[in-house]
file query.cif (mmCIF, C-alpha atoms)
data_model
loop_
_atom_site.group_PDB
_atom_site.id
_atom_site.type_symbol
_atom_site.label_atom_id
_atom_site.label_comp_id
_atom_site.auth_asym_id
_atom_site.auth_seq_id
_atom_site.Cartn_x
_atom_site.Cartn_y
_atom_site.Cartn_z
ATOM 1 C CA MET A 136 49.356 -14.967 -68.858
ATOM 2 C CA ALA A 137 49.340 -18.754 -68.977
ATOM 3 C CA ASN A 138 46.725 -21.445 -69.554
ATOM 4 C CA GLU A 139 43.829 -19.086 -70.265
ATOM 5 C CA TYR A 140 41.053 -20.459 -72.462
ATOM 6 C CA ALA A 141 40.764 -17.409 -74.725
ATOM 7 C CA THR A 142 43.158 -14.760 -75.998
ATOM 8 C CA ARG A 143 43.365 -11.101 -75.088
ATOM 9 C CA ASP A 144 42.712 -10.128 -78.726
ATOM 10 C CA ASP A 145 39.541 -12.245 -78.783
ATOM 11 C CA LEU A 146 38.372 -10.548 -75.592
ATOM 12 C CA LYS A 147 39.112 -7.121 -77.048
ATOM 13 C CA ALA A 148 37.041 -7.995 -80.110
ATOM 14 C CA GLN A 149 34.221 -9.184 -77.841
ATOM 15 C CA LEU A 150 34.306 -5.880 -75.957
ATOM 16 C CA GLY A 151 34.802 -3.648 -78.986
ATOM 17 C CA ILE A 152 38.285 -2.535 -77.897
ATOM 18 C CA GLU A 153 40.839 -1.788 -80.597
ATOM 19 C CA THR A 154 43.685 -4.315 -80.743
ATOM 20 C CA GLY A 155 46.266 -1.514 -80.530
ATOM 21 C CA ASP A 156 44.734 -0.085 -77.354
ATOM 22 C CA THR A 157 46.936 -1.441 -74.558
ATOM 23 C CA SER A 158 45.685 0.830 -71.772
ATOM 24 C CA ARG A 159 43.466 -1.885 -70.273
ATOM 25 C CA ASP A 160 45.557 -4.963 -71.021
ATOM 26 C CA ALA A 161 46.291 -5.687 -67.350
ATOM 27 C CA LEU A 162 42.581 -5.662 -66.474
ATOM 28 C CA LEU A 163 41.753 -7.821 -69.491
ATOM 29 C CA ASP A 164 44.428 -10.350 -68.535
ATOM 30 C CA LYS A 165 43.125 -10.563 -64.974
ATOM 31 C CA ALA A 166 39.589 -11.127 -66.250
ATOM 32 C CA LEU A 167 40.736 -13.921 -68.586
ATOM 33 C CA THR A 168 42.714 -15.649 -65.836
ATOM 34 C CA ALA A 169 39.860 -15.399 -63.337
ATOM 35 C CA ALA A 170 37.329 -16.673 -65.887
ATOM 36 C CA SER A 171 39.551 -19.615 -66.854
ATOM 37 C CA ARG A 172 40.247 -20.694 -63.286
ATOM 38 C CA GLY A 173 36.570 -20.237 -62.422
ATOM 39 C CA ILE A 174 35.680 -22.691 -65.203
ATOM 40 C CA ASP A 175 38.214 -25.139 -63.756
ATOM 41 C CA ARG A 176 36.606 -24.926 -60.325
ATOM 42 C CA ALA A 177 33.052 -25.171 -61.654
ATOM 43 C CA THR A 178 33.725 -28.233 -63.827
ATOM 44 C CA GLY A 179 36.169 -30.026 -61.525
ATOM 45 C CA ARG A 180 38.754 -30.347 -64.308
ATOM 46 C CA ARG A 181 41.127 -28.191 -66.332
ATOM 47 C CA PHE A 182 41.358 -27.952 -70.093
ATOM 48 C CA TRP A 183 44.983 -26.938 -70.665
ATOM 49 C CA LEU A 184 47.561 -29.613 -71.417
ATOM 50 C CA ASP A 185 50.772 -30.166 -69.473
ATOM 51 C CA THR A 186 53.832 -29.126 -71.474
ATOM 52 C CA ALA A 187 55.691 -32.236 -70.301
ATOM 53 C CA PRO A 188 54.713 -35.569 -68.722
ATOM 54 C CA THR A 189 54.127 -35.443 -64.975
ATOM 55 C CA ALA A 190 53.567 -38.248 -62.463
ATOM 56 C CA ARG A 191 50.406 -38.673 -60.397
ATOM 57 C CA THR A 192 49.800 -41.385 -57.832
ATOM 58 C CA TYR A 193 46.414 -42.963 -57.154
ATOM 59 C CA ARG A 194 45.100 -45.181 -54.389
ATOM 60 C CA LEU A 195 42.511 -47.674 -55.584
ATOM 61 C CA HIS A 196 39.892 -46.772 -52.958
ATOM 62 C CA GLN A 197 36.789 -45.346 -54.724
ATOM 63 C CA ARG A 198 38.631 -45.166 -58.055
ATOM 64 C CA ILE A 199 37.786 -48.594 -59.461
ATOM 65 C CA CYS A 200 34.781 -49.348 -61.666
ATOM 66 C CA ARG A 201 33.949 -53.018 -62.216
ATOM 67 C CA GLU A 202 33.203 -53.706 -65.878
ATOM 68 C CA GLU A 203 32.337 -56.968 -67.645
ATOM 69 C CA ASP A 204 35.748 -56.997 -69.328
ATOM 70 C CA GLY A 205 37.852 -55.967 -66.323
ATOM 71 C CA ASP A 206 38.559 -53.233 -63.797
ATOM 72 C CA VAL A 207 38.734 -49.574 -64.858
ATOM 73 C CA LEU A 208 40.917 -47.230 -62.820
ATOM 74 C CA LEU A 209 39.523 -43.693 -62.989
ATOM 75 C CA VAL A 210 42.322 -41.156 -63.535
ATOM 76 C CA ASP A 211 42.584 -37.428 -64.063
ATOM 77 C CA ASP A 212 42.095 -36.288 -67.666
ATOM 78 C CA ILE A 213 45.009 -37.356 -69.887
ATOM 79 C CA GLY A 214 45.344 -35.313 -73.073
ATOM 80 C CA ASP A 215 48.409 -36.991 -74.613
ATOM 81 C CA SER A 216 49.417 -40.616 -74.132
ATOM 82 C CA THR A 217 52.786 -40.320 -75.891
ATOM 83 C CA GLY A 218 55.362 -41.957 -73.634
ATOM 84 C CA MET A 219 52.781 -42.674 -70.947
ATOM 85 C CA THR A 220 53.878 -45.106 -68.238
ATOM 86 C CA VAL A 221 51.833 -46.908 -65.592
ATOM 87 C CA GLU A 222 53.435 -48.434 -62.495
ATOM 88 C CA SER A 223 52.181 -50.152 -59.364
ATOM 89 C CA ALA A 224 53.481 -50.499 -55.826
ATOM 90 C CA SER A 225 52.190 -51.549 -52.435
ATOM 91 C CA THR A 226 51.709 -48.918 -49.757
ATOM 92 C CA GLY A 227 54.287 -48.574 -47.033
ATOM 93 C CA GLY A 228 57.383 -47.873 -49.108
ATOM 94 C CA GLY A 229 56.883 -50.372 -51.925
ATOM 95 C CA VAL A 230 58.976 -49.916 -55.083
ATOM 96 C CA PHE A 231 57.036 -48.982 -58.211
ATOM 97 C CA ALA A 232 57.181 -51.558 -61.007
ATOM 98 C CA ASP A 233 56.242 -50.919 -64.620
ATOM 99 C CA ILE A 234 53.006 -52.529 -65.825
ATOM 100 C CA THR A 235 52.906 -50.805 -69.233
ATOM 101 C CA GLY A 236 51.266 -52.993 -71.859
ATOM 102 C CA SER A 237 48.791 -54.711 -69.563
ATOM 103 C CA TYR A 238 46.107 -52.026 -69.704
ATOM 104 C CA GLU A 239 43.934 -50.216 -72.246
ATOM 105 C CA THR A 240 42.846 -46.591 -72.234
ATOM 106 C CA THR A 241 39.189 -45.583 -72.040
ATOM 107 C CA PRO A 242 36.940 -44.306 -73.482
ATOM 108 C CA ASP A 243 37.822 -45.927 -76.790
ATOM 109 C CA ASN A 244 39.181 -43.444 -79.367
ATOM 110 C CA ALA A 245 38.979 -40.586 -76.850
ATOM 111 C CA LEU A 246 42.059 -38.689 -78.058
ATOM 112 C CA ALA A 247 41.144 -39.189 -81.720
ATOM 113 C CA ASP A 248 37.756 -37.622 -80.997
ATOM 114 C CA GLY A 249 39.267 -34.657 -79.138
ATOM 115 C CA TYR A 250 38.437 -35.896 -75.637
ATOM 116 C CA PRO A 251 40.774 -36.948 -72.821
ATOM 117 C CA ILE A 252 41.499 -40.420 -71.522
ATOM 118 C CA THR A 253 39.672 -40.777 -68.206
ATOM 119 C CA GLY A 254 40.247 -44.431 -67.306
ATOM 120 C CA LEU A 255 42.671 -47.330 -67.594
ATOM 121 C CA LEU A 256 41.215 -50.816 -68.125
ATOM 122 C CA ARG A 257 42.878 -54.028 -66.959
ATOM 123 C CA PRO A 258 41.259 -56.575 -69.317
ATOM 124 C CA LEU A 259 39.745 -59.534 -67.458
ATOM 125 C CA THR A 260 41.708 -58.789 -64.285
ATOM 126 C CA ILE A 261 41.992 -56.366 -61.372
ATOM 127 C CA TRP A 262 44.367 -53.510 -60.561
ATOM 128 C CA GLY A 263 45.359 -54.899 -57.173
ATOM 129 C CA THR A 264 44.301 -54.825 -53.547
ATOM 130 C CA ALA A 265 43.337 -51.954 -51.287
ATOM 131 C CA PHE A 266 47.053 -51.608 -50.482
ATOM 132 C CA THR A 267 48.098 -50.984 -54.071
ATOM 133 C CA ARG A 268 49.113 -47.578 -55.404
ATOM 134 C CA ILE A 269 49.224 -46.792 -59.124
ATOM 135 C CA ARG A 270 51.537 -44.135 -60.554
ATOM 136 C CA VAL A 271 50.681 -42.711 -63.985
ATOM 137 C CA THR A 272 53.130 -40.516 -65.864
ATOM 138 C CA ALA A 273 51.574 -38.639 -68.778
ATOM 139 C CA ARG A 274 50.590 -35.210 -70.054
ATOM 140 C CA PHE A 275 47.436 -34.407 -68.098
ATOM 141 C CA GLY A 276 44.708 -32.087 -69.321
ATOM 142 C CA TRP A 277 42.733 -31.955 -72.564
ATOM 143 C CA PRO A 278 44.134 -32.424 -76.095
ATOM 144 C CA ALA A 279 42.807 -28.941 -76.964
ATOM 145 C CA VAL A 280 40.501 -26.392 -75.362
ATOM 146 C CA PRO A 281 36.919 -27.168 -76.501
ATOM 147 C CA ASP A 282 35.182 -24.378 -78.432
ATOM 148 C CA ASP A 283 32.395 -24.291 -75.815
ATOM 149 C CA VAL A 284 34.901 -23.662 -73.043
ATOM 150 C CA ALA A 285 36.678 -20.936 -75.019
ATOM 151 C CA GLN A 286 33.353 -19.168 -75.628
ATOM 152 C CA ALA A 287 32.328 -19.508 -71.989
ATOM 153 C CA CYS A 288 35.663 -17.987 -70.993
ATOM 154 C CA LEU A 289 35.079 -14.982 -73.267
ATOM 155 C CA ILE A 290 31.577 -14.395 -71.921
ATOM 156 C CA GLN A 291 32.673 -14.676 -68.299
ATOM 157 C CA ALA A 292 35.815 -12.570 -68.828
ATOM 158 C CA SER A 293 33.699 -9.849 -70.466
ATOM 159 C CA ARG A 294 31.372 -9.949 -67.483
ATOM 160 C CA LEU A 295 34.275 -9.725 -65.018
ATOM 161 C CA PHE A 296 35.905 -6.879 -66.938
ATOM 162 C CA LYS A 297 32.655 -4.874 -66.855
ATOM 163 C CA ARG A 298 32.129 -5.637 -63.160
ATOM 164 C CA LYS A 299 34.037 -2.486 -62.245
ATOM 165 C CA ASP A 300 31.099 -0.538 -63.746
ATOM 166 C CA SER A 301 28.478 -2.394 -61.694
ATOM 167 C CA PRO A 302 29.156 -1.743 -58.003
ATOM 168 C CA GLU A 303 27.402 -4.192 -55.693
ATOM 169 C CA GLY A 304 26.094 -6.168 -58.664
ATOM 170 C CA VAL A 305 23.882 -3.366 -59.991
ATOM 171 C CA MET A 306 24.216 -1.947 -63.504
ATOM 172 C CA GLY A 307 22.449 1.086 -64.935
ATOM 173 C CA SER A 308 20.961 1.174 -68.432
ATOM 174 C CA ALA A 309 19.270 4.034 -70.285
ATOM 175 C CA GLU A 310 16.846 1.540 -71.805
ATOM 176 C CA TRP A 311 16.123 -0.730 -68.840
ATOM 177 C CA GLY A 312 17.006 1.432 -65.842
ATOM 178 C CA VAL A 313 18.766 -0.176 -62.898
ATOM 179 C CA VAL A 314 19.292 -3.924 -63.343
ATOM 180 C CA ARG A 315 20.667 -6.384 -60.767
ATOM 181 C CA LEU A 316 23.117 -8.840 -62.300
ATOM 182 C CA SER A 317 22.428 -12.546 -61.828
ATOM 183 C CA ARG A 318 24.898 -14.553 -59.757
ATOM 184 C CA ARG A 319 25.574 -17.067 -62.547
ATOM 185 C CA ASP A 320 25.496 -16.326 -66.262
ATOM 186 C CA PRO A 321 23.103 -18.874 -67.816
ATOM 187 C CA ASP A 322 24.958 -18.921 -71.143
ATOM 188 C CA VAL A 323 28.263 -19.693 -69.448
ATOM 189 C CA TRP A 324 26.624 -22.464 -67.440
ATOM 190 C CA ASN A 325 24.960 -24.001 -70.513
ATOM 191 C CA LEU A 326 28.301 -24.057 -72.317
ATOM 192 C CA ILE A 327 30.305 -25.708 -69.532
ATOM 193 C CA GLU A 328 27.658 -27.984 -67.998
ATOM 194 C CA PRO A 329 28.372 -30.926 -70.358
ATOM 195 C CA TYR A 330 32.001 -30.921 -69.159
ATOM 196 C CA LEU A 331 31.300 -31.217 -65.423
ATOM 197 C CA VAL A 332 32.986 -34.112 -63.679
ATOM 198 C CA PRO A 333 30.271 -36.152 -61.899
ATOM 199 C CA GLY A 334 29.916 -34.856 -58.364
ATOM 200 C CA PHE A 335 30.741 -31.254 -59.300
ATOM 201 C CA GLY A 336 28.430 -28.297 -59.898
#

call {"tool": "encode", "arguments": {"input": "query.cif", "output": "C-alpha cells"}}
result
Amino acid sequence: MANEYATRDDLKAQLGIETGDTSRDALLDKALTAASRGIDRATGRRFWLDTAPTARTYRLHQRICREEDGDVLLVDDIGDSTGMTVESASTGGGVFADITGSYETTPDNALADGYPITGLLRPLTIWGTAFTRIRVTARFGWPAVPDDVAQACLIQASRLFKRKDSPEGVMGSAEWGVVRLSRRDPDVWNLIEPYLVPGFG
C-alpha cells in the first residue's frame, strides 16, 4: 500500500473488524487504494506529498492569471517549498536558466495554513512570451492529507469493501427490504467538493 488517505486499521474500526483479523486485509487494501485514487480523479488533484523534489515543466498558454501586482503562473499543488527552484527557457531546445528569487508563492501563507502553493507571482512583471517554458522543481502534493479527505476515503472504502455483498448495486436489508445503492455517496461528495480544482467534477 502507498499513498492511501486512510489506514487499514482505521478502516477495520469503521467496519467493526478486529485489528488482529488479517483474513480480509487484501480486500481492505484494495478498497483503500481504489477509494484514494477515486478521490484524486474526482477532485483533479492528489493529496499525498512527493518524498523528494521532482521537476515539472509548464507552458504559459492558459496558465497565466493577470493580477494588479503581476502575473501569476498556475502550477500543480506544491506541498513543500524547501529547496524549490524555478527556471525558464524558450521552446525549441532552449537551456533552462534559474530565476529563483524573482517570484513569490501564492496564496499567501498557504503552507502555514495547511494548504498547498498553487501559483507563482512575478511582482509587477510577466513570466515571458508564448514561447517560454517554466520548470519548477519541488515536492508536489499537499502538506498533509486533510481530515475531510481522510474521512471521505474511509466512507468510500467501506462502501467498496461491502460492494461484494451487493451484486448489481442492490443490497438486501431485514428492515428496509431490497435497496438500490446510489451511484455517488452524498457524504463523500460533500466532504471532497471544497477541494475540487475548478473545471473538475

call {"tool": "resolve_selection", "arguments": {"input": "query.cif", "expression": "the PyMOL selection byres ((chain A and resi 155-164) around 8)", "output": "ChimeraX atom specification"}}
result
/A:136,143,146,152-154,165-168,292,296

call {"tool": "closest_residue", "arguments": {"input": "query.cif", "among": "A:Glu328, A:Asp215, A:Glu139, A:Asp233", "to": "A:Leu246", "atoms": "all atoms listed in the file"}}
result
A:Asp215

call {"tool": "resolve_selection", "arguments": {"input": "query.cif", "expression": "the PyMOL selection byres ((chain A and resi 265) around 12)", "output": "PyMOL selection string"}}
result
chain A and resi 193-199+224-226+261-264+266-269

call {"tool": "residues_around", "arguments": {"input": "query.cif", "residues": "A:Ala141", "least_positions_apart": "3", "cutoff": "7 Å", "atoms": "all atoms listed in the file", "output": "ChimeraX atom specification"}}
result
/A:145,285,288-289

call {"tool": "closest_residue", "arguments": {"input": "query.cif", "among": "A:Leu326, A:Arg257, A:Ile234, A:Arg172", "to": "A:Asp283", "atoms": "all atoms listed in the file"}}
result
A:Leu326

call {"tool": "residues_around", "arguments": {"input": "query.cif", "residues": "A:Asp243", "least_positions_apart": "6", "cutoff": "12 Å", "atoms": "only C-alpha atoms", "output": "MDAnalysis selection string"}}
result
chainID A and resid 249:256

call {"tool": "residues_around", "arguments": {"input": "query.cif", "residues": "A:Phe182", "least_positions_apart": "5", "cutoff": "12 Å", "atoms": "only C-alpha atoms", "output": "JSON, numbers by chain"}}
result
{"A": [138, 139, 140, 141, 171, 172, 173, 174, 175, 176, 211, 212, 213, 214, 249, 250, 251, 274, 275, 276, 277, 278, 279, 280, 281, 282, 283, 284, 285, 288, 327, 330, 331]}

call {"tool": "atom_distance", "arguments": {"input": "query.cif", "atom1": "atom CA of A:Asp322", "atom2": "atom CA of A:Asp248"}}
result
24.7 Å

call {"tool": "atom_distance", "arguments": {"input": "query.cif", "atom1": "atom CA of A:Thr272", "atom2": "atom CA of A:Ala190"}}
result
4.1 Å

call {"tool": "resolve_selection", "arguments": {"input": "query.cif", "expression": "the PyMOL selection byres ((chain A and resi 187) around 9)", "output": "PyMOL selection string"}}
result
chain A and resi 184-186+188-189+273-275

call {"tool": "write_last_selection", "arguments": {"input": "query.cif", "atoms": "C-alpha atoms", "output": "mmCIF file, in the frame of the given file"}}
result
data_model
loop_
_atom_site.group_PDB
_atom_site.id
_atom_site.type_symbol
_atom_site.label_atom_id
_atom_site.label_comp_id
_atom_site.auth_asym_id
_atom_site.auth_seq_id
_atom_site.Cartn_x
_atom_site.Cartn_y
_atom_site.Cartn_z
ATOM 1 C CA LEU A 184 47.561 -29.613 -71.417
ATOM 2 C CA ASP A 185 50.772 -30.166 -69.473
ATOM 3 C CA THR A 186 53.832 -29.126 -71.474
ATOM 4 C CA PRO A 188 54.713 -35.569 -68.722
ATOM 5 C CA THR A 189 54.127 -35.443 -64.975
ATOM 6 C CA ALA A 273 51.574 -38.639 -68.778
ATOM 7 C CA ARG A 274 50.590 -35.210 -70.054
ATOM 8 C CA PHE A 275 47.436 -34.407 -68.098
#

call {"tool": "closest_residue", "arguments": {"input": "query.cif", "among": "A:Val332, A:Leu259, A:Ala169, A:Val323", "to": "A:Asp206", "atoms": "all atoms listed in the file"}}
result
A:Leu259

call {"tool": "atom_distance", "arguments": {"input": "query.cif", "atom1": "atom CA of A:Gln149", "atom2": "atom CA of A:Arg294"}}
result
10.8 Å

call {"tool": "axis_aligned_box", "arguments": {"input": "query.cif", "around": "stretch 160-174 of chain A", "padding_each_side": "4 Å", "output": "lines of an AutoDock Vina configuration file"}}
result
center_x = 41.0
center_y = -13.8
center_z = -66.7
size_x = 18.6
size_y = 25.7
size_z = 16.6

call {"tool": "closest_residue", "arguments": {"input": "query.cif", "among": "A:Met219, A:Ala245, A:Ile290, A:Ala137", "to": "A:Arg270", "atoms": "only C-alpha atoms"}}
result
A:Met219

call {"tool": "residues_around", "arguments": {"input": "query.cif", "residues": "A:Val271", "least_positions_apart": "3", "cutoff": "8 Å", "atoms": "only C-alpha atoms", "output": "mmCIF file with C-alpha atoms, in the coordinates of the input"}}
result
data_model
loop_
_atom_site.group_PDB
_atom_site.id
_atom_site.type_symbol
_atom_site.label_atom_id
_atom_site.label_comp_id
_atom_site.auth_asym_id
_atom_site.auth_seq_id
_atom_site.Cartn_x
_atom_site.Cartn_y
_atom_site.Cartn_z
ATOM 1 C CA ALA A 190 53.567 -38.248 -62.463
ATOM 2 C CA ARG A 191 50.406 -38.673 -60.397
ATOM 3 C CA THR A 192 49.800 -41.385 -57.832
ATOM 4 C CA MET A 219 52.781 -42.674 -70.947
ATOM 5 C CA THR A 220 53.878 -45.106 -68.238
ATOM 6 C CA VAL A 221 51.833 -46.908 -65.592
ATOM 7 C CA GLU A 222 53.435 -48.434 -62.495
#

call {"tool": "closest_residue", "arguments": {"input": "query.cif", "among": "A:Val207, A:Arg181, A:Thr260, A:Gly218", "to": "A:Thr241", "atoms": "only C-alpha atoms"}}
result
A:Val207
